[in-house]
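Dumped work.cif below, it's mmCIF, C-alpha atoms (C1' of nucleotides):
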data_run
loop_
_atom_site.group_PDB
_atom_site.id
_atom_site.type_symbol
_atom_site.label_atom_id
_atom_site.label_comp_id
_atom_site.auth_asym_id
_atom_site.auth_seq_id
_atom_site.Cartn_x
_atom_site.Cartn_y
_atom_site.Cartn_z
ATOM 1 C CA MET X 1 -0.603 -4.740 -0.599
ATOM 2 C CA GLU X 2 -3.057 -1.871 -0.770
ATOM 3 C CA ILE X 3 -3.206 -1.549 2.973
ATOM 4 C CA LEU X 4 0.573 -1.504 3.203
ATOM 5 C CA ARG X 5 0.654 1.146 0.482
ATOM 6 C CA LEU X 6 -1.916 3.261 2.261
ATOM 7 C CA LEU X 7 -0.013 3.036 5.536
ATOM 8 C CA ARG X 8 3.153 4.049 3.732
ATOM 9 C CA ASP X 9 1.636 7.492 3.144
ATOM 10 C CA ALA X 10 -0.343 7.554 6.363
ATOM 11 C CA LYS X 11 0.309 11.207 7.036
ATOM 12 C CA GLN X 12 -1.152 12.348 3.750
ATOM 13 C CA GLN X 13 -3.752 9.603 3.262
ATOM 14 C CA PHE X 14 -5.269 9.944 6.717
ATOM 15 C CA SER X 15 -4.705 13.572 7.549
ATOM 16 C CA HIS X 16 -8.339 13.696 8.707
ATOM 17 C CA GLN X 17 -7.763 11.259 11.556
ATOM 18 C CA GLU X 18 -8.201 13.426 14.611
ATOM 19 C CA THR X 19 -7.816 11.005 17.469
ATOM 20 C CA ALA X 20 -4.100 10.438 16.955
ATOM 21 C CA ASP X 21 -1.283 11.239 14.565
ATOM 22 C CA PRO X 22 -1.561 8.706 11.729
ATOM 23 C CA GLU X 23 2.176 8.470 11.244
ATOM 24 C CA ALA X 24 3.327 8.292 14.831
ATOM 25 C CA PHE X 25 0.451 6.245 16.298
ATOM 26 C CA GLY X 26 -1.009 4.472 13.305
ATOM 27 C CA VAL X 27 -4.301 4.492 11.449
ATOM 28 C CA CYS X 28 -7.538 3.047 12.788
ATOM 29 C CA ILE X 29 -9.264 0.247 10.929
ATOM 30 C CA ASN X 30 -12.400 2.199 10.228
ATOM 31 C CA LEU X 31 -10.594 4.780 8.144
ATOM 32 C CA ILE X 32 -8.736 2.120 6.198
ATOM 33 C CA ALA X 33 -12.017 0.370 5.394
ATOM 34 C CA GLU X 34 -13.499 3.654 4.271
ATOM 35 C CA LYS X 35 -10.551 4.391 2.011
ATOM 36 C CA LEU X 36 -10.612 0.935 0.442
ATOM 37 C CA LYS X 37 -14.383 0.969 0.081
ATOM 38 C CA LEU X 38 -14.565 -2.398 1.764
ATOM 39 C CA ALA X 39 -16.754 -3.510 4.646
ATOM 40 C CA GLN X 40 -15.266 -3.192 8.111
ATOM 41 C CA PRO X 41 -15.165 -6.949 8.852
ATOM 42 C CA THR X 42 -13.343 -7.561 5.588
ATOM 43 C CA VAL X 43 -10.630 -5.105 6.475
ATOM 44 C CA SER X 44 -10.543 -6.416 10.016
ATOM 45 C CA ARG X 45 -9.617 -9.810 8.621
ATOM 46 C CA HIS X 46 -6.947 -8.440 6.294
ATOM 47 C CA ILE X 47 -5.466 -6.499 9.178
ATOM 48 C CA ASP X 48 -5.359 -9.663 11.234
ATOM 49 C CA ILE X 49 -3.511 -11.458 8.444
ATOM 50 C CA LEU X 50 -0.985 -8.650 8.086
ATOM 51 C CA LYS X 51 -0.535 -8.604 11.845
ATOM 52 C CA ARG X 52 0.054 -12.354 12.058
ATOM 53 C CA ALA X 53 2.497 -12.058 9.164
ATOM 54 C CA GLY X 54 4.306 -9.444 11.219
ATOM 55 C CA PHE X 55 4.030 -6.732 8.563
ATOM 56 C CA ILE X 56 2.069 -4.368 10.764
ATOM 57 C CA THR X 57 1.603 -3.764 14.459
ATOM 58 C CA VAL X 58 -1.784 -3.048 15.929
ATOM 59 C CA GLN X 59 -1.956 -1.007 19.067
ATOM 60 C CA ARG X 60 -5.277 -0.796 20.835
ATOM 61 C CA TYR X 61 -5.886 2.546 22.495
ATOM 62 C CA GLN X 62 -9.309 3.251 23.885
ATOM 63 C CA LYS X 63 -11.800 2.021 21.315
ATOM 64 C CA TRP X 64 -9.480 2.279 18.352
ATOM 65 C CA SER X 65 -6.971 -0.144 16.890
ATOM 66 C CA TYR X 66 -4.099 1.788 15.416
ATOM 67 C CA CYS X 67 -2.265 0.055 12.590
ATOM 68 C CA ARG X 68 1.281 0.869 11.631
ATOM 69 C CA ARG X 69 3.742 -0.733 9.251
ATOM 70 C CA ASP X 70 6.657 -2.612 10.714
ATOM 71 C CA GLU X 71 9.381 -1.286 8.449
ATOM 72 C CA THR X 72 11.946 -3.722 9.799
ATOM 73 C CA ALA X 73 9.740 -6.728 9.101
ATOM 74 C CA LEU X 74 8.971 -5.493 5.586
ATOM 75 C CA SER X 75 12.615 -4.926 4.869
ATOM 76 C CA GLU X 76 13.451 -8.367 6.200
ATOM 77 C CA TYR X 77 10.773 -9.935 4.049
ATOM 78 C CA ARG X 78 12.132 -8.197 0.982
ATOM 79 C CA ASP X 79 15.580 -9.525 1.809
ATOM 80 C CA TRP X 80 14.244 -13.009 2.469
ATOM 81 C CA LEU X 81 12.527 -12.987 -0.905
ATOM 82 C CA SER X 82 15.706 -11.807 -2.601
ATOM 83 C CA GLU X 83 17.704 -14.475 -0.840
ATOM 84 C CA THR X 84 15.230 -17.273 -1.468
ATOM 85 C CA LEU X 85 15.060 -16.558 -5.150
ATOM 86 C CA SER X 86 18.714 -15.554 -5.309
ATOM 87 C CA ILE X 87 17.951 -12.327 -7.033
ATOM 88 C CA GLY X 88 21.163 -10.533 -7.780
ATOM 89 C CA MET C 1 8.267 -19.954 -6.094
ATOM 90 C CA GLU C 2 9.443 -23.546 -6.051
ATOM 91 C CA ILE C 3 10.010 -23.575 -9.765
ATOM 92 C CA LEU C 4 12.020 -20.367 -9.572
ATOM 93 C CA ARG C 5 14.023 -21.861 -6.737
ATOM 94 C CA LEU C 6 14.694 -25.034 -8.689
ATOM 95 C CA LEU C 7 15.808 -23.076 -11.735
ATOM 96 C CA ARG C 8 18.107 -21.031 -9.541
ATOM 97 C CA ASP C 9 20.209 -24.147 -8.978
ATOM 98 C CA ALA C 10 19.565 -25.632 -12.386
ATOM 99 C CA LYS C 11 23.092 -26.947 -12.806
ATOM 100 C CA GLN C 12 22.979 -29.021 -9.653
ATOM 101 C CA GLN C 13 19.256 -29.833 -9.572
ATOM 102 C CA PHE C 14 19.111 -31.051 -13.163
ATOM 103 C CA SER C 15 22.577 -32.407 -13.762
ATOM 104 C CA HIS C 16 20.943 -35.477 -15.303
ATOM 105 C CA GLN C 17 19.431 -33.513 -18.187
ATOM 106 C CA GLU C 18 21.344 -34.807 -21.163
ATOM 107 C CA THR C 19 19.760 -33.016 -24.076
ATOM 108 C CA ALA C 20 21.126 -29.600 -23.189
ATOM 109 C CA ASP C 21 23.028 -27.777 -20.462
ATOM 110 C CA PRO C 22 20.447 -26.899 -17.797
ATOM 111 C CA GLU C 23 22.120 -23.647 -16.915
ATOM 112 C CA ALA C 24 22.895 -22.298 -20.355
ATOM 113 C CA PHE C 25 19.818 -23.587 -22.220
ATOM 114 C CA GLY C 26 17.281 -24.115 -19.481
ATOM 115 C CA VAL C 27 15.428 -27.057 -18.011
ATOM 116 C CA CYS C 28 12.673 -28.955 -19.773
ATOM 117 C CA ILE C 29 9.218 -29.111 -18.235
ATOM 118 C CA ASN C 30 9.217 -32.848 -17.807
ATOM 119 C CA LEU C 31 12.124 -32.796 -15.428
ATOM 120 C CA ILE C 32 10.620 -29.966 -13.411
ATOM 121 C CA ALA C 33 7.362 -31.918 -13.053
ATOM 122 C CA GLU C 34 9.311 -34.966 -11.953
ATOM 123 C CA LYS C 35 11.216 -33.007 -9.331
ATOM 124 C CA LEU C 36 8.081 -31.358 -7.959
ATOM 125 C CA LYS C 37 6.137 -34.637 -8.019
ATOM 126 C CA LEU C 38 3.330 -32.921 -9.874
ATOM 127 C CA ALA C 39 1.545 -33.998 -13.023
ATOM 128 C CA GLN C 40 2.942 -32.649 -16.284
ATOM 129 C CA PRO C 41 -0.137 -30.553 -17.185
ATOM 130 C CA THR C 42 -0.043 -28.923 -13.761
ATOM 131 C CA VAL C 43 3.519 -27.823 -14.220
ATOM 132 C CA SER C 44 2.803 -26.797 -17.782
ATOM 133 C CA ARG C 45 0.227 -24.370 -16.466
ATOM 134 C CA HIS C 46 2.533 -22.970 -13.794
ATOM 135 C CA ILE C 47 5.233 -22.496 -16.386
ATOM 136 C CA ASP C 48 2.792 -20.597 -18.570
ATOM 137 C CA ILE C 49 1.932 -18.287 -15.679
ATOM 138 C CA LEU C 50 5.596 -17.632 -14.917
ATOM 139 C CA LYS C 51 6.241 -17.002 -18.588
ATOM 140 C CA ARG C 52 3.359 -14.547 -18.913
ATOM 141 C CA ALA C 53 4.587 -12.812 -15.768
ATOM 142 C CA GLY C 54 7.952 -12.494 -17.485
ATOM 143 C CA PHE C 55 9.867 -14.324 -14.764
ATOM 144 C CA ILE C 56 11.073 -17.084 -17.058
ATOM 145 C CA THR C 57 11.707 -17.520 -20.731
ATOM 146 C CA VAL C 58 10.732 -20.683 -22.542
ATOM 147 C CA GLN C 59 12.681 -21.674 -25.580
ATOM 148 C CA ARG C 60 11.330 -24.487 -27.685
ATOM 149 C CA TYR C 61 14.021 -26.631 -29.277
ATOM 150 C CA GLN C 62 13.009 -29.838 -30.985
ATOM 151 C CA LYS C 63 10.443 -31.491 -28.766
ATOM 152 C CA TRP C 64 11.542 -29.844 -25.552
ATOM 153 C CA SER C 65 10.638 -26.558 -23.937
ATOM 154 C CA TYR C 66 13.608 -25.210 -22.053
ATOM 155 C CA CYS C 67 12.800 -22.942 -19.133
ATOM 156 C CA ARG C 68 15.230 -20.420 -17.754
ATOM 157 C CA ARG C 69 14.891 -17.657 -15.185
ATOM 158 C CA ASP C 70 14.940 -14.110 -16.433
ATOM 159 C CA GLU C 71 17.248 -12.624 -13.842
ATOM 160 C CA THR C 72 16.651 -9.093 -15.035
ATOM 161 C CA ALA C 73 12.888 -9.441 -14.711
ATOM 162 C CA LEU C 74 13.207 -10.958 -11.247
ATOM 163 C CA SER C 75 15.513 -8.196 -10.140
ATOM 164 C CA GLU C 76 13.156 -5.602 -11.540
ATOM 165 C CA TYR C 77 10.229 -7.210 -9.749
ATOM 166 C CA ARG C 78 12.098 -7.123 -6.471
ATOM 167 C CA ASP C 79 12.824 -3.453 -7.029
ATOM 168 C CA TRP C 80 9.237 -2.739 -8.027
ATOM 169 C CA LEU C 81 8.031 -4.405 -4.844
ATOM 170 C CA SER C 82 10.503 -2.402 -2.790
ATOM 171 C CA GLU C 83 9.427 0.789 -4.502
ATOM 172 C CA THR C 84 5.724 0.109 -4.294
ATOM 173 C CA LEU C 85 5.862 -0.616 -0.607
ATOM 174 C CA SER C 86 8.589 1.967 -0.035
ATOM 175 C CA ILE C 87 10.764 -0.422 1.830
ATOM 176 C CA GLY C 88 13.865 1.348 3.025
ATOM 177 C "C1'" DT W 1 3.746 -43.052 -42.358
ATOM 178 C "C1'" DA W 2 3.012 -44.849 -37.755
ATOM 179 C "C1'" DT W 3 4.773 -44.633 -33.228
ATOM 180 C "C1'" DT W 4 6.751 -42.472 -29.457
ATOM 181 C "C1'" DC W 5 7.830 -38.845 -26.508
ATOM 182 C "C1'" DA W 6 7.299 -33.826 -24.833
ATOM 183 C "C1'" DT W 7 4.171 -30.401 -24.266
ATOM 184 C "C1'" DA W 8 -0.479 -27.999 -24.483
ATOM 185 C "C1'" DT W 9 -5.342 -27.681 -23.791
ATOM 186 C "C1'" DA W 10 -10.006 -28.934 -21.904
ATOM 187 C "C1'" DG W 11 -12.787 -29.968 -18.309
ATOM 188 C "C1'" DA W 12 -13.752 -31.107 -13.642
ATOM 189 C "C1'" DA W 13 -13.129 -31.467 -8.441
ATOM 190 C "C1'" DG W 14 -11.400 -29.907 -4.125
ATOM 191 C "C1'" DT W 15 -9.460 -26.147 -1.577
ATOM 192 C "C1'" DT W 16 -8.481 -21.459 -0.536
ATOM 193 C "C1'" DT W 17 -9.358 -16.652 -0.823
ATOM 194 C "C1'" DT W 18 -12.158 -12.694 -0.545
ATOM 195 C "C1'" DG W 19 -16.002 -10.447 0.145
ATOM 196 C "C1'" DC W 20 -20.518 -9.824 2.411
ATOM 197 C "C1'" DT W 21 -24.333 -9.614 6.400
ATOM 198 C "C1'" DA W 22 -25.489 -10.460 11.031
ATOM 199 C "C1'" DT W 23 -24.067 -10.383 15.471
ATOM 200 C "C1'" DA W 24 -20.961 -10.332 19.529
ATOM 201 C "C1'" DT W 25 -17.523 -7.949 22.271
ATOM 202 C "C1'" DG W 26 -15.061 -3.980 24.050
ATOM 203 C "C1'" DT W 27 -14.852 0.840 25.394
ATOM 204 C "C1'" DC W 28 -16.350 5.245 26.496
ATOM 205 C "C1'" DA W 29 -19.672 8.877 27.666
ATOM 206 C "C1'" DA W 30 -24.147 10.502 29.015
ATOM 207 C "C1'" DT H 1 -26.114 1.465 33.283
ATOM 208 C "C1'" DT H 2 -27.514 2.314 28.826
ATOM 209 C "C1'" DG H 3 -26.437 3.947 24.192
ATOM 210 C "C1'" DA H 4 -23.211 4.731 20.677
ATOM 211 C "C1'" DC H 5 -19.259 3.728 18.290
ATOM 212 C "C1'" DA H 6 -14.991 0.738 16.965
ATOM 213 C "C1'" DT H 7 -13.612 -3.697 16.304
ATOM 214 C "C1'" DA H 8 -13.969 -8.932 16.226
ATOM 215 C "C1'" DT H 9 -16.132 -13.226 15.117
ATOM 216 C "C1'" DA H 10 -19.369 -16.469 12.718
ATOM 217 C "C1'" DG H 11 -21.270 -18.081 8.813
ATOM 218 C "C1'" DC H 12 -22.101 -17.974 4.065
ATOM 219 C "C1'" DA H 13 -21.509 -17.287 -1.123
ATOM 220 C "C1'" DA H 14 -18.828 -16.217 -5.128
ATOM 221 C "C1'" DA H 15 -14.518 -16.272 -7.298
ATOM 222 C "C1'" DA H 16 -9.911 -17.840 -7.851
ATOM 223 C "C1'" DC H 17 -6.382 -21.261 -7.353
ATOM 224 C "C1'" DT H 18 -4.400 -25.811 -7.681
ATOM 225 C "C1'" DT H 19 -4.470 -30.150 -8.975
ATOM 226 C "C1'" DC H 20 -5.957 -34.058 -11.536
ATOM 227 C "C1'" DT H 21 -7.376 -37.160 -15.897
ATOM 228 C "C1'" DA H 22 -8.237 -37.339 -20.658
ATOM 229 C "C1'" DT H 23 -6.995 -35.854 -24.899
ATOM 230 C "C1'" DA H 24 -4.952 -32.941 -28.588
ATOM 231 C "C1'" DT H 25 -0.902 -31.116 -30.835
ATOM 232 C "C1'" DG H 26 4.057 -30.959 -32.228
ATOM 233 C "C1'" DA H 27 8.298 -33.091 -33.286
ATOM 234 C "C1'" DA H 28 11.474 -36.796 -34.144
ATOM 235 C "C1'" DT H 29 12.491 -41.590 -35.363
ATOM 236 C "C1'" DA H 30 11.833 -46.318 -36.927
#
Just give me the structure of the file as structure tokens.
Amino acid sequence: MEILRLLRDAKQQFSHQETADPEAFGVCINLIAEKLKLAQPTVSRHIDILKRAGFITVQRYQKWSYCRRDETALSEYRDWLSETLSIG
Amino acid sequence: MEILRLLRDAKQQFSHQETADPEAFGVCINLIAEKLKLAQPTVSRHIDILKRAGFITVQRYQKWSYCRRDETALSEYRDWLSETLSIG
DNA sequence: TATTCATATAGAAGTTTTGCTATATGTCAA
DNA sequence: TTGACATATAGCAAAACTTCTATATGAATA
């Protein structure tokens, strides 16, 4: 949840990322770990879970792994949840 | 999730409840436990969690505790989730 | 009032989750 | 090709979750 929230405001939350535009390319795992004050391997695992769930895409470029939300997948999940619980 | 799904179709899932209309009054914990094939105390705890979360209301009448979804709360949760994650 | 039935609470066991440290792998630059 | 940096994997410990059995409480009836 917190990672998805951070990535929502990537532009403002990670304005100090210099290697690539945080919004267009994504945010690298290091910076996310820093922001969350969690160890890098911990975040690496969470990222992997989010990736396997389809909620983010991870694009490796050079030595960085850029993470970006998959807005379509998130929207579809929201709809699935609504449907499954029949929320009006 | 499964309890909320069961209560969604209370009328059809618990048509054999004779003490009260499952849709209008709610479904008693016993029948939910039976349906889920879980022990009564297990379901009792889940019900308590759902109640504290505000997703269901539990109305005690005589010796039964009738559980009903709170559609407004569920809808609000869906919206909160959408908002929090900024899902378009 | 004693019994029966529905539910709640207590306590314990097994599993899953979440975090860490240590270390391996991948990638680039000197 | 070696060193430095980003990420991944392995292994472990603590905490949380999920379920159970045993038992207590609440409510109605014989």
- [ ] Report as a PyMOL selection string the full result of the PyMOL selection byres ((chain H) within 12 of (chain C)) when it is applied to this structure.
- [x] chain H and resi 17-23+25-28
For those residues, write C-alpha atoms (C1' of nucleotides) to a file as an mmCIF file, keeping the file's coordinate frame.
data_model
loop_
_atom_site.group_PDB
_atom_site.id
_atom_site.type_symbol
_atom_site.label_atom_id
_atom_site.label_comp_id
_atom_site.auth_asym_id
_atom_site.auth_seq_id
_atom_site.Cartn_x
_atom_site.Cartn_y
_atom_site.Cartn_z
ATOM 1 C "C1'" DC H 17 -6.382 -21.261 -7.353
ATOM 2 C "C1'" DT H 18 -4.400 -25.811 -7.681
ATOM 3 C "C1'" DT H 19 -4.470 -30.150 -8.975
ATOM 4 C "C1'" DC H 20 -5.957 -34.058 -11.536
ATOM 5 C "C1'" DT H 21 -7.376 -37.160 -15.897
ATOM 6 C "C1'" DA H 22 -8.237 -37.339 -20.658
ATOM 7 C "C1'" DT H 23 -6.995 -35.854 -24.899
ATOM 8 C "C1'" DT H 25 -0.902 -31.116 -30.835
ATOM 9 C "C1'" DG H 26 4.057 -30.959 -32.228
ATOM 10 C "C1'" DA H 27 8.298 -33.091 -33.286
ATOM 11 C "C1'" DA H 28 11.474 -36.796 -34.144
#
Would you kindly return, as a PDB file with C-alpha atoms, in the frame of the given file, each protein, DNA or RNA residue with an atom no farther than 9 Å from any atom of region 75-79 of chain C, considering all atoms listed in the file and excluding same-chain residues fewer than 6 positions away?
ATOM      1  CA  ARG X  78      12.132  -8.197   0.982  1.00  0.00           C
ATOM      2  CA  LEU X  81      12.527 -12.987  -0.905  1.00  0.00           C
ATOM      3  CA  SER X  82      15.706 -11.807  -2.601  1.00  0.00           C
ATOM      4  CA  ILE X  87      17.951 -12.327  -7.033  1.00  0.00           C
ATOM      5  CA  GLY X  88      21.163 -10.533  -7.780  1.00  0.00           C
TER       6      GLY X  88
ATOM      7  CA  PHE C  55       9.867 -14.324 -14.764  1.00  0.00           C
TER       8      PHE C  55
END
Let's have chain X fitted on chain C; use all the C-alpha atoms paired in order for the least-squares step and return it as a JSON list (two decimals) with C-alpha atoms, keeping the file's coordinate frame.
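Dumped to result-v2.json:
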[["chain", "number", "residue", "atom", "x", "y", "z"],
["X", 1, "MET", "CA", 8.30, -19.89, -6.11],
["X", 2, "GLU", "CA", 9.47, -23.49, -6.06],
["X", 3, "ILE", "CA", 10.03, -23.54, -9.78],
["X", 4, "LEU", "CA", 12.03, -20.33, -9.60],
["X", 5, "ARG", "CA", 14.07, -21.82, -6.76],
["X", 6, "LEU", "CA", 14.72, -25.00, -8.70],
["X", 7, "LEU", "CA", 15.82, -23.05, -11.76],
["X", 8, "ARG", "CA", 18.14, -21.00, -9.58],
["X", 9, "ASP", "CA", 20.24, -24.12, -8.99],
["X", 10, "ALA", "CA", 19.58, -25.63, -12.40],
["X", 11, "LYS", "CA", 23.10, -26.93, -12.82],
["X", 12, "GLN", "CA", 23.00, -28.99, -9.65],
["X", 13, "GLN", "CA", 19.27, -29.80, -9.58],
["X", 14, "PHE", "CA", 19.12, -31.04, -13.15],
["X", 15, "SER", "CA", 22.58, -32.40, -13.74],
["X", 16, "HIS", "CA", 20.93, -35.48, -15.27],
["X", 17, "GLN", "CA", 19.42, -33.53, -18.16],
["X", 18, "GLU", "CA", 21.34, -34.84, -21.13],
["X", 19, "THR", "CA", 19.75, -33.06, -24.05],
["X", 20, "ALA", "CA", 21.13, -29.64, -23.17],
["X", 21, "ASP", "CA", 23.03, -27.81, -20.46],
["X", 22, "PRO", "CA", 20.46, -26.92, -17.80],
["X", 23, "GLU", "CA", 22.13, -23.64, -16.93],
["X", 24, "ALA", "CA", 22.92, -22.34, -20.38],
["X", 25, "PHE", "CA", 19.84, -23.62, -22.24],
["X", 26, "GLY", "CA", 17.29, -24.14, -19.51],
["X", 27, "VAL", "CA", 15.43, -27.07, -18.02],
["X", 28, "CYS", "CA", 12.66, -28.98, -19.76],
["X", 29, "ILE", "CA", 9.21, -29.11, -18.23],
["X", 30, "ASN", "CA", 9.19, -32.84, -17.78],
["X", 31, "LEU", "CA", 12.12, -32.79, -15.39],
["X", 32, "ILE", "CA", 10.62, -29.95, -13.39],
["X", 33, "ALA", "CA", 7.36, -31.88, -13.02],
["X", 34, "GLU", "CA", 9.29, -34.93, -11.90],
["X", 35, "LYS", "CA", 11.21, -32.95, -9.31],
["X", 36, "LEU", "CA", 8.09, -31.30, -7.93],
["X", 37, "LYS", "CA", 6.14, -34.55, -7.97],
["X", 38, "LEU", "CA", 3.34, -32.84, -9.82],
["X", 39, "ALA", "CA", 1.55, -33.94, -12.97],
["X", 40, "GLN", "CA", 2.92, -32.61, -16.24],
["X", 41, "PRO", "CA", -0.16, -30.52, -17.15],
["X", 42, "THR", "CA", -0.06, -28.86, -13.75],
["X", 43, "VAL", "CA", 3.52, -27.77, -14.22],
["X", 44, "SER", "CA", 2.79, -26.79, -17.79],
["X", 45, "ARG", "CA", 0.24, -24.32, -16.47],
["X", 46, "HIS", "CA", 2.55, -22.91, -13.81],
["X", 47, "ILE", "CA", 5.25, -22.48, -16.42],
["X", 48, "ASP", "CA", 2.81, -20.60, -18.61],
["X", 49, "ILE", "CA", 1.96, -18.28, -15.73],
["X", 50, "LEU", "CA", 5.61, -17.61, -14.97],
["X", 51, "LYS", "CA", 6.25, -17.01, -18.65],
["X", 52, "ARG", "CA", 3.38, -14.54, -18.98],
["X", 53, "ALA", "CA", 4.61, -12.80, -15.84],
["X", 54, "GLY", "CA", 7.96, -12.49, -17.56],
["X", 55, "PHE", "CA", 9.88, -14.32, -14.82],
["X", 56, "ILE", "CA", 11.09, -17.07, -17.10],
["X", 57, "THR", "CA", 11.73, -17.54, -20.78],
["X", 58, "VAL", "CA", 10.74, -20.70, -22.57],
["X", 59, "GLN", "CA", 12.69, -21.71, -25.60],
["X", 60, "ARG", "CA", 11.33, -24.53, -27.70],
["X", 61, "TYR", "CA", 14.03, -26.68, -29.25],
["X", 62, "GLN", "CA", 13.00, -29.87, -30.96],
["X", 63, "LYS", "CA", 10.42, -31.52, -28.73],
["X", 64, "TRP", "CA", 11.55, -29.87, -25.53],
["X", 65, "SER", "CA", 10.63, -26.57, -23.93],
["X", 66, "TYR", "CA", 13.62, -25.23, -22.07],
["X", 67, "CYS", "CA", 12.81, -22.95, -19.15],
["X", 68, "ARG", "CA", 15.23, -20.42, -17.78],
["X", 69, "ARG", "CA", 14.90, -17.64, -15.24],
["X", 70, "ASP", "CA", 14.95, -14.09, -16.47],
["X", 71, "GLU", "CA", 17.26, -12.61, -13.87],
["X", 72, "THR", "CA", 16.63, -9.07, -15.06],
["X", 73, "ALA", "CA", 12.87, -9.42, -14.75],
["X", 74, "LEU", "CA", 13.18, -10.95, -11.28],
["X", 75, "SER", "CA", 15.47, -8.19, -10.15],
["X", 76, "GLU", "CA", 13.10, -5.60, -11.55],
["X", 77, "TYR", "CA", 10.18, -7.20, -9.78],
["X", 78, "ARG", "CA", 12.06, -7.15, -6.50],
["X", 79, "ASP", "CA", 12.78, -3.47, -7.02],
["X", 80, "TRP", "CA", 9.19, -2.75, -7.99],
["X", 81, "LEU", "CA", 8.00, -4.44, -4.82],
["X", 82, "SER", "CA", 10.48, -2.46, -2.74],
["X", 83, "GLU", "CA", 9.40, 0.74, -4.41],
["X", 84, "THR", "CA", 5.69, 0.06, -4.18],
["X", 85, "LEU", "CA", 5.85, -0.70, -0.51],
["X", 86, "SER", "CA", 8.57, 1.87, 0.09],
["X", 87, "ILE", "CA", 10.76, -0.57, 1.87],
["X", 88, "GLY", "CA", 13.87, 1.18, 3.04]]
Written as a PDB file with C-alpha atoms, keeping the file's coordinate frame, what is the full residue list that the PyMOL selection byres ((chain C and resi 9) around 12) yields on the file shown?
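The result, written out as result18.pdb:
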ATOM      1  CA  THR X  84      15.230 -17.273  -1.468  1.00  0.00           C
ATOM      2  CA  LEU X  85      15.060 -16.558  -5.150  1.00  0.00           C
ATOM      3  CA  SER X  86      18.714 -15.554  -5.309  1.00  0.00           C
TER       4      SER X  86
ATOM      5  CA  GLU C   2       9.443 -23.546  -6.051  1.00  0.00           C
ATOM      6  CA  ILE C   3      10.010 -23.575  -9.765  1.00  0.00           C
ATOM      7  CA  LEU C   4      12.020 -20.367  -9.572  1.00  0.00           C
ATOM      8  CA  ARG C   5      14.023 -21.861  -6.737  1.00  0.00           C
ATOM      9  CA  LEU C   6      14.694 -25.034  -8.689  1.00  0.00           C
ATOM     10  CA  LEU C   7      15.808 -23.076 -11.735  1.00  0.00           C
ATOM     11  CA  ARG C   8      18.107 -21.031  -9.541  1.00  0.00           C
ATOM     12  CA  ALA C  10      19.565 -25.632 -12.386  1.00  0.00           C
ATOM     13  CA  LYS C  11      23.092 -26.947 -12.806  1.00  0.00           C
ATOM     14  CA  GLN C  12      22.979 -29.021  -9.653  1.00  0.00           C
ATOM     15  CA  GLN C  13      19.256 -29.833  -9.572  1.00  0.00           C
ATOM     16  CA  PHE C  14      19.111 -31.051 -13.163  1.00  0.00           C
ATOM     17  CA  SER C  15      22.577 -32.407 -13.762  1.00  0.00           C
ATOM     18  CA  PRO C  22      20.447 -26.899 -17.797  1.00  0.00           C
ATOM     19  CA  GLU C  23      22.120 -23.647 -16.915  1.00  0.00           C
ATOM     20  CA  ALA C  24      22.895 -22.298 -20.355  1.00  0.00           C
ATOM     21  CA  GLY C  26      17.281 -24.115 -19.481  1.00  0.00           C
ATOM     22  CA  VAL C  27      15.428 -27.057 -18.011  1.00  0.00           C
ATOM     23  CA  ARG C  68      15.230 -20.420 -17.754  1.00  0.00           C
ATOM     24  CA  ARG C  69      14.891 -17.657 -15.185  1.00  0.00           C
TER      25      ARG C  69
END
- [ ] Work out how far C1' of DT17 (chain W) is from CA of Gln40 (chain C), in Å to one decimal.
- [x]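 About the pair CA of Gln40 (chain C) and C1' of DT17 (chain W): they are 25.4 Å apart.
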Write out as a short mmCIF file (atom, residue, chain, number, x, y, z; two decimals) with C-alpha atoms (C1' of nucleotides), in the frame of the given file every residue belonging to chain W that has an atom at most 8 Å from any atom of chain C, counting only C-alpha atoms (C1' of nucleotides).
data_model
loop_
_atom_site.label_atom_id
_atom_site.label_comp_id
_atom_site.auth_asym_id
_atom_site.auth_seq_id
_atom_site.Cartn_x
_atom_site.Cartn_y
_atom_site.Cartn_z
"C1'" DA W 6 7.30 -33.83 -24.83
"C1'" DT W 7 4.17 -30.40 -24.27
"C1'" DA W 8 -0.48 -28.00 -24.48
#
Residue completion, region 81-85 of chain X, N, CA, C and O atoms, as a compact mmCIF listing (two decimals), in the coordinates of the input:
# COMPACT_ATOMS: atom_id res chain seq x y z
N LEU X 81 12.97 -12.67 0.45
CA LEU X 81 12.53 -12.99 -0.90
C LEU X 81 13.72 -12.95 -1.88
O LEU X 81 13.90 -13.87 -2.69
N SER X 82 14.50 -11.93 -1.77
CA SER X 82 15.71 -11.81 -2.60
C SER X 82 16.62 -13.01 -2.42
O SER X 82 17.09 -13.60 -3.38
N GLU X 83 16.83 -13.35 -1.17
CA GLU X 83 17.70 -14.48 -0.84
C GLU X 83 17.15 -15.78 -1.40
O GLU X 83 17.84 -16.55 -2.06
N THR X 84 15.86 -16.01 -1.10
CA THR X 84 15.23 -17.27 -1.47
C THR X 84 15.27 -17.50 -2.97
O THR X 84 15.49 -18.60 -3.45
N LEU X 85 15.05 -16.42 -3.70
CA LEU X 85 15.06 -16.56 -5.15
C LEU X 85 16.45 -16.26 -5.72
O LEU X 85 16.64 -16.35 -6.93
